[in-house]
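File shown: data24.csv. Contents: CSV, C-alpha atoms.
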chain,number,residue,atom,x,y,z
A,1,MET,CA,85.4,105.8,99.0
A,2,LEU,CA,84.0,109.3,98.9
A,3,PRO,CA,82.5,109.2,102.4
A,4,LEU,CA,85.9,108.3,103.9
A,5,LEU,CA,87.5,111.3,102.2
A,6,TYR,CA,84.6,113.7,102.6
A,7,PRO,CA,82.4,112.7,105.6
A,8,ASN,CA,80.0,115.6,105.2
A,9,PRO,CA,77.3,114.6,102.6
A,10,MET,CA,76.8,118.2,101.6
A,11,THR,CA,80.5,118.4,100.7
A,12,ARG,CA,80.1,115.4,98.5
A,13,ASP,CA,77.1,116.8,96.7
A,14,ALA,CA,79.0,120.1,96.2
A,15,LEU,CA,82.0,118.2,94.8
A,16,LEU,CA,79.9,116.3,92.4
A,17,GLU,CA,78.2,119.5,91.3
A,18,ASP,CA,81.4,121.6,90.9
A,19,ALA,CA,84.8,120.8,92.4
A,20,GLN,CA,85.9,124.4,91.9
A,21,THR,CA,83.4,125.8,94.3
A,22,ALA,CA,83.0,122.9,96.7
A,23,PRO,CA,84.4,123.3,100.3
A,24,ILE,CA,87.4,121.0,99.8
A,25,PRO,CA,91.1,121.6,100.5
A,26,GLU,CA,92.8,123.8,97.9
A,27,LEU,CA,95.2,121.0,96.9
A,28,HIS,CA,92.1,118.8,96.1
A,29,ARG,CA,90.7,121.6,94.0
A,30,GLU,CA,93.9,121.7,92.1
A,31,LEU,CA,93.7,117.9,91.6
A,32,PHE,CA,90.2,118.2,90.1
A,33,ARG,CA,91.3,121.0,87.8
A,34,PHE,CA,94.3,118.9,86.7
A,35,ALA,CA,92.0,115.9,86.0
A,36,GLU,CA,89.6,118.0,83.9
A,37,GLN,CA,92.5,119.1,81.7
A,38,PHE,CA,94.1,115.7,81.6
A,39,VAL,CA,91.0,114.1,80.3
A,40,ARG,CA,89.4,116.8,78.2
A,41,GLY,CA,92.3,118.8,76.9
A,42,SER,CA,95.7,117.4,77.8
A,43,TRP,CA,97.2,119.0,74.7
A,44,ASN,CA,96.7,122.4,76.3
A,45,THR,CA,98.9,121.7,79.3
A,46,ASN,CA,101.8,124.1,79.5
A,47,ARG,CA,104.5,125.2,81.8
A,48,SER,CA,102.3,127.5,83.8
A,49,ASP,CA,99.9,124.7,84.5
A,50,LEU,CA,102.7,122.6,86.1
A,51,GLY,CA,104.0,125.8,87.8
A,52,ARG,CA,100.6,126.2,89.5
A,53,LEU,CA,100.8,122.6,90.8
A,54,ARG,CA,104.3,123.3,92.1
A,55,ALA,CA,103.1,126.5,93.8
A,56,ALA,CA,100.4,124.4,95.5
A,57,GLY,CA,103.1,122.2,97.1
A,58,LEU,CA,103.6,119.4,94.6
A,59,GLU,CA,107.1,118.2,93.7
A,60,ASP,CA,107.8,116.9,90.2
A,61,ARG,CA,107.6,113.4,91.6
A,62,ASP,CA,104.0,114.1,92.6
A,63,ILE,CA,103.1,115.6,89.3
A,64,VAL,CA,104.5,112.6,87.4
A,65,HIS,CA,102.5,110.4,89.9
A,66,TRP,CA,99.3,112.2,89.2
A,67,ALA,CA,99.9,112.0,85.4
A,68,THR,CA,100.8,108.3,85.7
A,69,LEU,CA,97.7,107.5,87.8
A,70,GLY,CA,95.7,109.5,85.3
A,71,SER,CA,97.1,107.5,82.4
A,72,THR,CA,96.2,104.2,84.2
A,73,GLN,CA,92.7,105.3,85.2
A,74,SER,CA,92.0,106.5,81.7
A,75,TRP,CA,92.3,102.9,80.6
A,76,PHE,CA,90.0,101.7,83.4
A,77,THR,CA,87.3,104.3,82.6
A,78,MET,CA,87.3,103.6,78.9
A,79,SER,CA,87.3,99.8,79.5
A,80,ALA,CA,84.4,100.1,81.9
A,81,ASP,CA,82.3,102.5,79.8
A,82,GLY,CA,83.4,101.1,76.4
A,83,GLY,CA,82.6,97.5,77.5
A,84,GLY,CA,79.2,98.4,79.0
A,85,VAL,CA,80.3,97.2,82.5
A,86,PRO,CA,77.5,97.5,85.1
A,87,LEU,CA,78.3,99.1,88.4
A,88,ASP,CA,80.0,96.6,90.7
A,89,GLY,CA,79.1,96.2,94.3
A,90,ASN,CA,82.7,96.5,95.2
A,91,ALA,CA,83.6,99.3,92.7
A,92,ILE,CA,85.9,101.6,94.5
A,93,THR,CA,86.0,104.6,92.1
A,94,GLY,CA,83.4,106.5,90.2
A,95,PRO,CA,80.2,106.1,92.2
A,96,ALA,CA,77.5,108.7,91.8
A,97,VAL,CA,79.3,110.5,89.0
A,98,GLY,CA,76.8,109.6,86.3
A,99,ARG,CA,74.2,112.2,87.0
A,100,LYS,CA,76.2,114.9,85.3
A,101,ARG,CA,77.3,113.0,82.3
A,102,GLU,CA,75.4,115.1,79.8
A,103,ALA,CA,77.2,118.2,81.2
A,104,TYR,CA,80.4,116.8,79.7
A,105,GLY,CA,80.0,117.7,76.1
A,106,ALA,CA,82.0,116.0,73.4
A,107,THR,CA,85.4,117.2,72.5
A,108,PRO,CA,84.9,118.9,69.1
A,109,GLU,CA,84.6,116.2,66.6
A,110,ARG,CA,86.6,118.0,63.9
A,111,LEU,CA,90.1,118.7,65.1
A,112,GLY,CA,92.9,120.5,63.4
A,113,PRO,CA,96.5,119.2,63.3
A,114,PRO,CA,98.3,118.5,66.6
A,115,ILE,CA,98.8,121.7,68.5
A,116,ALA,CA,102.4,122.9,68.7
A,117,ALA,CA,102.0,124.7,72.0
A,118,LEU,CA,104.1,122.1,73.8
A,119,GLU,CA,106.9,122.6,71.4
A,120,SER,CA,107.1,126.3,71.9
A,121,ASP,CA,106.7,126.0,75.7
A,122,ARG,CA,109.6,123.6,76.2
A,123,ARG,CA,113.2,124.6,76.2
A,124,ASP,CA,115.4,123.2,73.5
A,125,ASP,CA,117.5,121.1,75.9
A,126,GLU,CA,114.4,119.6,77.7
A,127,ILE,CA,113.1,116.0,77.4
A,128,ALA,CA,110.0,117.0,79.2
A,129,MET,CA,108.5,119.8,81.4
A,130,VAL,CA,109.3,117.8,84.6
A,131,GLY,CA,112.6,116.6,86.2
A,132,LEU,CA,114.2,113.3,85.6
A,133,ASP,CA,115.9,110.7,87.9
A,134,GLU,CA,117.6,108.1,85.8
A,135,THR,CA,119.4,106.4,88.7
A,136,SER,CA,116.9,103.7,89.7
A,137,ASP,CA,117.3,100.0,89.0
A,138,ALA,CA,113.9,100.0,87.3
A,139,TYR,CA,115.0,102.8,85.0
A,140,HIS,CA,118.2,101.0,84.0
A,141,GLU,CA,116.4,97.8,83.3
A,142,THR,CA,113.8,99.6,81.2
A,143,ALA,CA,116.5,101.6,79.4
A,144,ASN,CA,118.3,98.4,78.5
A,145,TRP,CA,115.1,96.8,77.3
A,146,ALA,CA,114.2,99.9,75.2
A,147,THR,CA,117.7,100.1,73.6
A,148,LYS,CA,117.4,96.5,72.5
A,149,HIS,CA,113.8,96.9,71.4
A,150,TYR,CA,113.8,100.3,69.7
A,151,GLY,CA,117.5,101.1,69.3
A,152,PHE,CA,117.1,104.1,71.8
A,153,VAL,CA,115.4,105.1,75.0
A,154,PRO,CA,112.1,106.8,74.2
A,155,ASN,CA,111.7,110.3,75.8
A,156,LEU,CA,108.3,109.1,77.2
A,157,LEU,CA,110.1,106.5,79.3
A,158,ARG,CA,112.7,109.0,80.4
A,159,ALA,CA,110.0,111.5,81.3
A,160,VAL,CA,108.4,109.2,83.8
A,161,SER,CA,111.6,108.2,85.5
A,162,LEU,CA,110.5,109.9,88.8
A,163,GLN,CA,107.9,107.1,89.2
A,164,PRO,CA,109.9,103.9,88.3
A,165,GLY,CA,107.3,101.6,89.9
A,166,PHE,CA,105.1,102.0,86.8
A,167,TYR,CA,107.7,101.0,84.2
A,168,ARG,CA,106.3,97.5,83.7
A,169,ARG,CA,102.9,99.0,83.0
A,170,HIS,CA,104.2,101.5,80.4
A,171,ARG,CA,106.4,98.9,78.7
A,172,LEU,CA,103.5,96.5,78.3
A,173,ALA,CA,101.3,99.3,77.1
A,174,LEU,CA,103.8,100.2,74.4
A,175,GLU,CA,104.2,96.6,73.3
A,176,LEU,CA,100.5,96.0,73.1
A,177,LEU,CA,100.1,99.0,70.8
A,178,GLU,CA,102.6,97.5,68.3
A,179,ALA,CA,100.1,95.1,66.7
A,180,PRO,CA,96.5,93.9,67.2
A,181,GLN,CA,96.3,91.3,69.9
A,182,SER,CA,93.6,89.1,68.3
A,183,LYS,CA,93.3,87.6,64.9
A,184,SER,CA,90.0,89.4,64.4
A,185,LEU,CA,91.4,92.9,63.8
A,186,GLU,CA,93.5,93.5,60.7
A,187,PRO,CA,96.8,95.3,61.2
A,188,ARG,CA,95.6,98.0,58.9
A,189,HIS,CA,92.6,98.8,61.0
A,190,HIS,CA,94.7,98.6,64.1
A,191,ALA,CA,97.1,101.2,62.7
A,192,MET,CA,94.3,103.4,61.5
A,193,VAL,CA,92.8,103.4,65.0
A,194,ARG,CA,96.1,104.4,66.5
A,195,ALA,CA,96.5,107.3,64.1
A,196,LEU,CA,92.9,108.4,64.5
A,197,VAL,CA,93.2,108.5,68.3
A,198,SER,CA,96.5,110.4,68.3
A,199,HIS,CA,94.7,113.0,66.1
A,200,LEU,CA,91.8,113.2,68.5
A,201,ASN,CA,94.3,113.7,71.4
A,202,ARG,CA,96.4,116.1,69.3
A,203,SER,CA,99.5,114.1,70.2
A,204,ALA,CA,102.6,115.5,68.7
A,205,TYR,CA,104.6,112.8,70.5
A,206,HIS,CA,103.0,109.8,68.7
A,207,GLU,CA,102.6,111.3,65.2
A,208,ALA,CA,105.8,109.7,63.6
A,209,THR,CA,104.9,106.3,65.2
A,210,ALA,CA,101.4,106.4,63.8
A,211,ARG,CA,102.7,107.2,60.3
A,212,GLU,CA,105.2,104.5,60.3
A,213,LEU,CA,102.8,101.9,61.7
A,214,LEU,CA,100.3,102.7,58.9
A,215,ASP,CA,103.1,102.2,56.4
A,216,ARG,CA,104.2,98.9,57.9
A,217,ALA,CA,100.5,97.7,57.9
A,218,GLY,CA,100.2,98.3,54.2
A,219,ALA,CA,97.7,101.2,54.5
A,220,GLU,CA,97.2,103.3,51.4
A,221,GLU,CA,99.2,106.5,50.9
A,222,GLY,CA,97.5,109.5,52.4
A,223,VAL,CA,95.5,107.6,55.0
A,224,PHE,CA,97.2,109.5,57.9
A,225,ASP,CA,96.0,112.8,56.5
A,226,GLN,CA,92.5,111.4,55.6
A,227,LEU,CA,92.1,110.2,59.2
A,228,ARG,CA,92.8,113.7,60.4
A,229,ASP,CA,90.7,115.5,57.9
A,230,ASP,CA,87.7,113.3,57.3
A,231,PRO,CA,87.7,110.3,59.8
A,232,LEU,CA,83.9,109.7,59.4
A,233,GLY,CA,83.5,110.5,55.7
A,234,MET,CA,81.8,108.5,53.0
A,235,ASP,CA,85.0,107.6,51.2
A,236,TRP,CA,85.8,104.8,53.6
A,237,SER,CA,84.5,101.3,53.1
A,238,PRO,CA,81.6,100.2,55.4
A,239,VAL,CA,84.0,98.2,57.6
A,240,ASP,CA,86.5,101.0,57.8
A,241,ARG,CA,83.7,103.4,58.7
A,242,ALA,CA,82.4,101.1,61.4
A,243,VAL,CA,85.8,100.7,63.0
A,244,LEU,CA,86.5,104.4,62.8
A,245,ALA,CA,83.1,105.5,64.2
A,246,PHE,CA,83.5,103.1,67.1
A,247,ALA,CA,87.0,104.3,67.9
A,248,THR,CA,85.9,107.9,67.7
A,249,LYS,CA,83.1,107.4,70.0
A,250,ILE,CA,85.3,105.7,72.6
A,251,GLY,CA,88.0,108.3,72.2
A,252,LEU,CA,85.6,111.3,72.6
A,253,ASN,CA,83.0,110.0,75.1
A,254,ALA,CA,83.3,106.4,76.1
A,255,TYR,CA,80.3,106.7,78.3
A,256,LYS,CA,78.1,107.0,75.2
A,257,VAL,CA,79.0,103.5,74.0
A,258,THR,CA,76.0,101.2,73.9
A,259,GLU,CA,75.1,97.7,72.9
A,260,LYS,CA,74.2,99.2,69.5
A,261,ASP,CA,77.9,99.9,68.9
A,262,ALA,CA,78.7,96.2,69.3
A,263,SER,CA,75.9,95.4,66.8
A,264,SER,CA,77.3,97.9,64.3
A,265,LEU,CA,80.6,96.0,64.3
A,266,ARG,CA,78.9,92.7,64.0
A,267,GLU,CA,76.9,93.9,61.0
A,268,VAL,CA,80.2,94.5,59.1
A,269,GLY,CA,81.6,91.1,60.0
A,270,LEU,CA,83.7,92.0,63.1
A,271,ASP,CA,83.4,89.8,66.2
A,272,ASP,CA,83.7,90.5,69.9
A,273,GLU,CA,87.5,90.0,69.9
A,274,ALA,CA,87.8,92.8,67.3
A,275,TYR,CA,85.6,94.9,69.6
A,276,VAL,CA,88.0,94.3,72.5
A,277,ASP,CA,91.0,95.0,70.3
A,278,ILE,CA,89.6,98.3,69.1
A,279,LEU,CA,88.5,99.3,72.6
A,280,ASN,CA,92.0,98.6,74.1
A,281,THR,CA,93.9,100.2,71.2
A,282,VAL,CA,91.9,103.4,71.8
A,283,SER,CA,92.2,103.3,75.6
A,284,ILE,CA,95.9,102.4,75.7
A,285,GLN,CA,96.8,104.9,73.0
A,286,THR,CA,94.8,107.6,74.8
A,287,SER,CA,96.4,106.8,78.1
A,288,LEU,CA,99.8,107.4,76.6
A,289,ASP,CA,98.9,110.4,74.6
A,290,ARG,CA,97.5,112.1,77.7
A,291,LEU,CA,100.6,111.2,79.6
A,292,ALA,CA,103.0,112.6,76.9
A,293,ASN,CA,100.9,115.7,76.4
A,294,THR,CA,100.6,116.5,80.1
A,295,LEU,CA,104.3,116.1,80.8
A,296,GLY,CA,105.3,117.9,77.6
A,297,VAL,CA,107.4,115.1,76.3
A,298,ARG,CA,109.6,115.9,73.3
A,299,PRO,CA,109.0,113.6,70.3
A,300,ASP,CA,111.6,111.0,69.6
A,301,SER,CA,113.9,111.2,66.6
A,302,ALA,CA,112.5,107.8,65.4
A,303,PRO,CA,109.2,106.0,65.5
A,304,LEU,CA,108.4,104.1,68.7
A,305,LEU,CA,108.3,100.7,67.1
A,306,PRO,CA,110.5,97.6,67.2
A,307,GLN,CA,113.6,97.7,65.0
A,308,SER,CA,112.7,96.0,61.8
B,1,MET,CA,75.3,93.6,81.0
B,2,ALA,CA,78.5,93.9,79.2
B,3,HIS,CA,78.1,94.5,75.5
B,4,ILE,CA,80.2,91.6,74.5
B,5,ARG,CA,81.0,88.0,75.4
B,6,ILE,CA,83.1,87.6,78.5
B,7,ILE,CA,84.9,84.7,80.2
B,8,ASP,CA,84.2,84.7,84.0
B,9,GLU,CA,86.6,83.4,86.6
B,10,ALA,CA,85.0,80.0,86.8
B,11,GLN,CA,85.4,79.4,83.1
B,12,ALA,CA,88.8,80.8,82.6
B,13,GLY,CA,91.9,78.9,81.7
B,14,GLY,CA,95.6,79.6,81.1
B,15,SER,CA,96.9,83.1,81.7
B,16,VAL,CA,93.4,84.5,82.2
B,17,ALA,CA,92.8,82.1,85.1
B,18,GLU,CA,96.2,83.1,86.6
B,19,ASP,CA,95.3,86.8,86.3
B,20,TYR,CA,91.8,86.3,87.7
B,21,ALA,CA,93.3,84.6,90.7
B,22,PHE,CA,95.7,87.5,91.3
B,23,ILE,CA,93.1,90.2,90.8
B,24,SER,CA,90.6,88.5,93.0
B,25,GLY,CA,93.2,88.0,95.7
B,26,SER,CA,94.3,91.6,95.5
B,27,TYR,CA,90.8,92.9,96.0
B,28,ALA,CA,90.1,90.3,98.7
B,29,LYS,CA,93.0,91.6,100.6
B,30,LEU,CA,91.6,95.1,100.4
B,31,LEU,CA,87.9,94.5,100.8
B,32,GLY,CA,87.6,91.1,102.5
B,33,GLU,CA,87.6,87.4,101.8
B,34,GLY,CA,85.3,86.3,99.1
B,35,THR,CA,85.6,89.5,97.0
B,36,SER,CA,85.9,88.7,93.3
B,37,ALA,CA,87.6,90.5,90.5
B,38,PRO,CA,85.6,93.7,89.6
B,39,GLN,CA,83.8,93.6,86.3
B,40,VAL,CA,85.9,96.3,84.7
B,41,TYR,CA,88.6,93.7,84.2
B,42,THR,CA,86.2,91.1,82.7
B,43,THR,CA,85.6,93.3,79.6
B,44,ASN,CA,88.9,92.1,78.2
B,45,SER,CA,88.7,88.5,79.3
B,46,ILE,CA,88.3,87.1,75.7
B,47,VAL,CA,91.7,88.6,74.6
B,48,PRO,CA,94.2,87.3,77.2
B,49,ALA,CA,96.9,90.0,76.3
B,50,TYR,CA,94.6,92.8,77.4
B,51,PHE,CA,93.4,90.9,80.4
B,52,ARG,CA,97.0,90.6,81.4
B,53,PHE,CA,97.4,94.4,81.0
B,54,GLY,CA,94.6,94.9,83.6
B,55,ALA,CA,96.3,92.6,86.0
B,56,VAL,CA,99.7,94.3,85.5
B,57,GLN,CA,98.1,97.7,86.2
B,58,ASN,CA,96.6,96.3,89.4
B,59,ARG,CA,100.0,95.0,90.3
B,60,VAL,CA,101.7,98.4,90.0
B,61,LEU,CA,98.9,100.2,91.8
B,62,THR,CA,99.0,97.8,94.7
B,63,ASN,CA,102.6,96.7,94.9
B,64,ASP,CA,101.8,93.2,93.7
B,65,GLY,CA,98.6,93.0,95.8
B,66,GLN,CA,100.2,94.0,99.1
B,67,HIS,CA,98.5,97.5,99.2
B,68,ASP,CA,101.4,98.9,101.1
B,69,LEU,CA,102.6,101.7,98.8
B,70,VAL,CA,103.4,105.1,100.4
B,71,GLU,CA,100.9,107.7,99.4
B,72,GLY,CA,101.7,111.1,98.0
B,73,PRO,CA,100.2,114.4,99.3
B,74,VAL,CA,96.8,113.3,98.0
B,75,PRO,CA,95.5,109.6,98.2
B,76,SER,CA,95.9,107.8,94.9
B,77,ILE,CA,92.3,106.7,95.0
B,78,LEU,CA,91.2,110.4,95.0
B,79,VAL,CA,93.4,111.0,91.9
B,80,MET,CA,91.7,108.1,90.2
B,81,PHE,CA,88.3,109.3,91.3
B,82,ALA,CA,89.0,112.8,89.9
B,83,ILE,CA,89.9,111.2,86.5
B,84,SER,CA,86.7,109.1,86.6
B,85,LYS,CA,84.6,112.2,87.4
B,86,ALA,CA,86.2,114.2,84.5
B,87,SER,CA,85.5,111.2,82.2
B,88,ALA,CA,81.8,111.1,83.4
B,89,CYS,CA,82.5,107.4,84.1
B,90,PHE,CA,79.7,105.9,86.1
B,91,TYR,CA,81.7,102.8,87.0
Show the structure stored in the file as structure tokens.
Amino acid sequence: MLPLLYPNPMTRDALLEDAQTAPIPELHRELFRFAEQFVRGSWNTNRSDLGRLRAAGLEDRDIVHWATLGSTQSWFTMSADGGGVPLDGNAITGPAVGRKREAYGATPERLGPPIAALESDRRDDEIAMVGLDETSDAYHETANWATKHYGFVPNLLRAVSLQPGFYRRHRLALELLEAPQSKSLEPRHHAMVRALVSHLNRSAYHEATARELLDRAGAEEGVFDQLRDDPLGMDWSPVDRAVLAFATKIGLNAYKVTEKDASSLREVGLDDEAYVDILNTVSIQTSLDRLANTLGVRPDSAPLLPQS
Amino acid sequence: MAHIRIIDEAQAGGSVAEDYAFISGSYAKLLGEGTSAPQVYTTNSIVPAYFRFGAVQNRVLTNDGQHDLVEGPVPSILVMFAISKASACFY
């Protein structure tokens, strides 16, 4: 794919070394800057970041498109690295990136509470930092589904209304996050992984949902705060610690996952289905956290879970 | 080698077989007859709900396998490459 976009091999080498100094179009440079922030610090996105994209020529529809593609690709990268997938002959993204992996240091492993920057940067009357278009058939269909399912239309779904073609993806993502999808992962562990990941991503949007899900799953009081303050501490049981350590590793640097991580889960009695459940809970939650952070989506007034 | 057990296309049944058929067909239309589903999808093959999620994402990215979506100011594939690069994803 890269040779088609950048025929000159020196340009490709320069891009892989540092996109900000490579001889590529300015809009492409903005894209690589956007991607870095989307993956490594989406919680820092503010109005001026989106303003710079608009100044570079993007319309809000394009910004939502980049964020949506970023959300989707986040799942693919975590699935590939977290699953230990070897390079395909027909892989169409990601070739030749690996040589600089170690330059991508981990996100700090001890994080404070979700940053409130987005709250202060968004006007009181705004759903998100991008425009909306709630006229499409796909939006109306999704809004009807959400009203029946949640009792309201989540701000996240409103915020992506400029790209209605992705609604079936976002809906399925939200549904898959409501419960484990195998019998191998306990609902409590699933809820703990969701809360942990939202902490790692400093997601203000999903905090109320994570708290409510822990409650519904029968988690002990105080677990939400413990996951924030000491996710890898010795107070957890061996199986809790194995689940949380694996989820943290995927969430911070999926490319560091190895066969040993699968063994660590097996040693505490978890099977490959549980592995896939944890991997997907992390990757889907991360994909939505990054999307909400980047678009500056206002938290909903109720948890994003089916009406009980 | 994947770190976990997988179900390949020849072994698959039910919804996983249906999704494999769609994904392989979608990539074959893009890359030529005989192309099989990329391995990134197979990671999730032992839990059908997540395998379906991969297929749905391919559907929205390709207009149900037609590969005829109008591109924005930057090719979608470059956006996805930029995310892979920022993730240090070798795949």
task: Go ahead and compute the interatomic distance for atom CA of A:Ala55 and atom CA of A:Asp18, in Å to one decimal.
output: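 If I compute the distance from atom CA of A:Ala55 to atom CA of A:Asp18, I get 22.4 Å.
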message: Distance cut-off 6 Å, counting only C-alpha atoms - which residues of chain B neighbour chain A? Return them as a list in words.
response: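 Within 6 Å of chain A on chain B, we get Ala2, His3, Ile4, Val40, Thr43, Gln57, Val60, Met80, Phe81, Ala82, Ile83, Ser84, Lys85, Ala86, Ala88, Cys89, Phe90 and Tyr91 of chain B.
The space between atom CA of A:Gly296 and atom CA of A:Thr45 spans 7.6 Å.
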field: Interatomic distance, atom CA of A:Ser48 to atom CA of A:Tyr139 (Å, one decimal)
entry: 27.8 Å
field: Test item: residues at most 9 Å from B:Ser26, all atoms listed in the file, excluding those fewer than 2 positions along its chain, as a PyMOL selection string
entry: chain B and resi 21-24+28-31+37+58-59+62+64-67
message: Need to verify the contact set: B:Gln11, 12 Å, all atoms listed in the file, exclusion of same-chain residues closer than 6 positions in sequence. Can you return it as an MDAnalysis selection string?
response: chainID B and resid 17:18 20 42 45:46
Residues from last step as file, C-alpha atoms, as a tab-separated table (two decimals), keeping the file's coordinate frame:
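Output (out25.tsv):
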chain	number	residue	atom	x	y	z
B	17	ALA	CA	92.80	82.10	85.10
B	18	GLU	CA	96.20	83.10	86.60
B	20	TYR	CA	91.80	86.30	87.70
B	42	THR	CA	86.20	91.10	82.70
B	45	SER	CA	88.70	88.50	79.30
B	46	ILE	CA	88.30	87.10	75.70
query: Taking all atoms listed in the file into account, which of A:Pro306, A:Glu26, A:Val130, A:Leu227 comes nearest A:Gly51?
result: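 Smallest distance to A:Gly51 is found for A:Val130.
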message: as number ranges by chain, please: the residues near A:Arg12 (cut-off 9 Å, only C-alpha atoms, same-chain neighbours under 6 positions excluded).
response: A: 2-3, 6, 22
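Excluding A:Arg171 itself and any same-chain residue fewer than 6 positions from it, the protein and nucleic acid residues within 12 Å of it, counting all atoms listed in the file, are Ala138, Tyr139, Glu141, Thr142, Ala143, Asn144, Trp145, Ala146, His149, Tyr150, Val153, Pro154, Leu156, Leu157, Val160, Pro164, Gly165, Leu177, Glu178, Ile284, Leu288, Leu304 and Leu305 of chain A; Phe53, Val56 and Gln57 of chain B.
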What lies within 10 Å of A:Gly251 using all atoms listed in the file, ignoring chain neighbours under 6 positions off, as a PDB file with C-alpha atoms, keeping the file's coordinate frame?
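Saved the output as around-v5.pdb:
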ATOM      1  CA  MET A  78      87.300 103.600  78.900  1.00  0.00           C
ATOM      2  CA  GLY A  82      83.400 101.100  76.400  1.00  0.00           C
ATOM      3  CA  ALA A 106      82.000 116.000  73.400  1.00  0.00           C
ATOM      4  CA  THR A 107      85.400 117.200  72.500  1.00  0.00           C
ATOM      5  CA  VAL A 193      92.800 103.400  65.000  1.00  0.00           C
ATOM      6  CA  LEU A 196      92.900 108.400  64.500  1.00  0.00           C
ATOM      7  CA  VAL A 197      93.200 108.500  68.300  1.00  0.00           C
ATOM      8  CA  SER A 198      96.500 110.400  68.300  1.00  0.00           C
ATOM      9  CA  LEU A 200      91.800 113.200  68.500  1.00  0.00           C
ATOM     10  CA  ASN A 201      94.300 113.700  71.400  1.00  0.00           C
ATOM     11  CA  ALA A 245      83.100 105.500  64.200  1.00  0.00           C
ATOM     12  CA  LEU A 279      88.500  99.300  72.600  1.00  0.00           C
ATOM     13  CA  VAL A 282      91.900 103.400  71.800  1.00  0.00           C
ATOM     14  CA  SER A 283      92.200 103.300  75.600  1.00  0.00           C
ATOM     15  CA  GLN A 285      96.800 104.900  73.000  1.00  0.00           C
ATOM     16  CA  THR A 286      94.800 107.600  74.800  1.00  0.00           C
TER      17      THR A 286
END
With N, CA, C and O atoms as the target, complete stretch 43-54 of chain B and hand it back as a compact mmCIF listing (two decimals), keeping the file's coordinate frame.
# COMPACT_ATOMS: atom_id res chain seq x y z
N THR B 43 85.80 92.80 80.95
CA THR B 43 85.60 93.30 79.60
C THR B 43 86.59 92.67 78.62
O THR B 43 86.29 92.38 77.47
N ASN B 44 87.81 92.52 79.12
CA ASN B 44 88.90 92.10 78.20
C ASN B 44 89.22 90.62 78.30
O ASN B 44 90.22 90.18 77.75
N SER B 45 88.37 89.85 78.96
CA SER B 45 88.70 88.50 79.30
C SER B 45 88.81 87.57 78.03
O SER B 45 89.42 86.51 78.08
N ILE B 46 88.23 87.99 76.91
CA ILE B 46 88.30 87.10 75.70
C ILE B 46 89.58 87.37 74.91
O ILE B 46 89.84 86.66 73.94
N VAL B 47 90.36 88.37 75.27
CA VAL B 47 91.70 88.60 74.60
C VAL B 47 92.72 88.61 75.75
O VAL B 47 92.91 89.62 76.41
N PRO B 48 93.38 87.48 75.97
CA PRO B 48 94.20 87.30 77.20
C PRO B 48 95.31 88.42 77.31
O PRO B 48 95.63 88.81 78.44
N ALA B 49 95.85 88.94 76.21
CA ALA B 49 96.90 90.00 76.30
C ALA B 49 96.38 91.21 77.03
O ALA B 49 97.10 91.82 77.84
N TYR B 50 95.16 91.61 76.71
CA TYR B 50 94.60 92.80 77.40
C TYR B 50 94.17 92.50 78.79
O TYR B 50 94.21 93.38 79.65
N PHE B 51 93.72 91.27 79.03
CA PHE B 51 93.40 90.90 80.40
C PHE B 51 94.63 90.97 81.28
O PHE B 51 94.60 91.45 82.41
N ARG B 52 95.73 90.54 80.73
CA ARG B 52 97.00 90.60 81.40
C ARG B 52 97.37 92.06 81.75
O ARG B 52 97.88 92.37 82.83
N PHE B 53 97.08 92.96 80.80
CA PHE B 53 97.40 94.40 81.00
C PHE B 53 96.63 94.91 82.25
O PHE B 53 97.19 95.64 83.07
N GLY B 54 95.36 94.52 82.39
CA GLY B 54 94.60 94.90 83.60
C GLY B 54 95.26 94.43 84.85
O GLY B 54 95.37 95.14 85.85
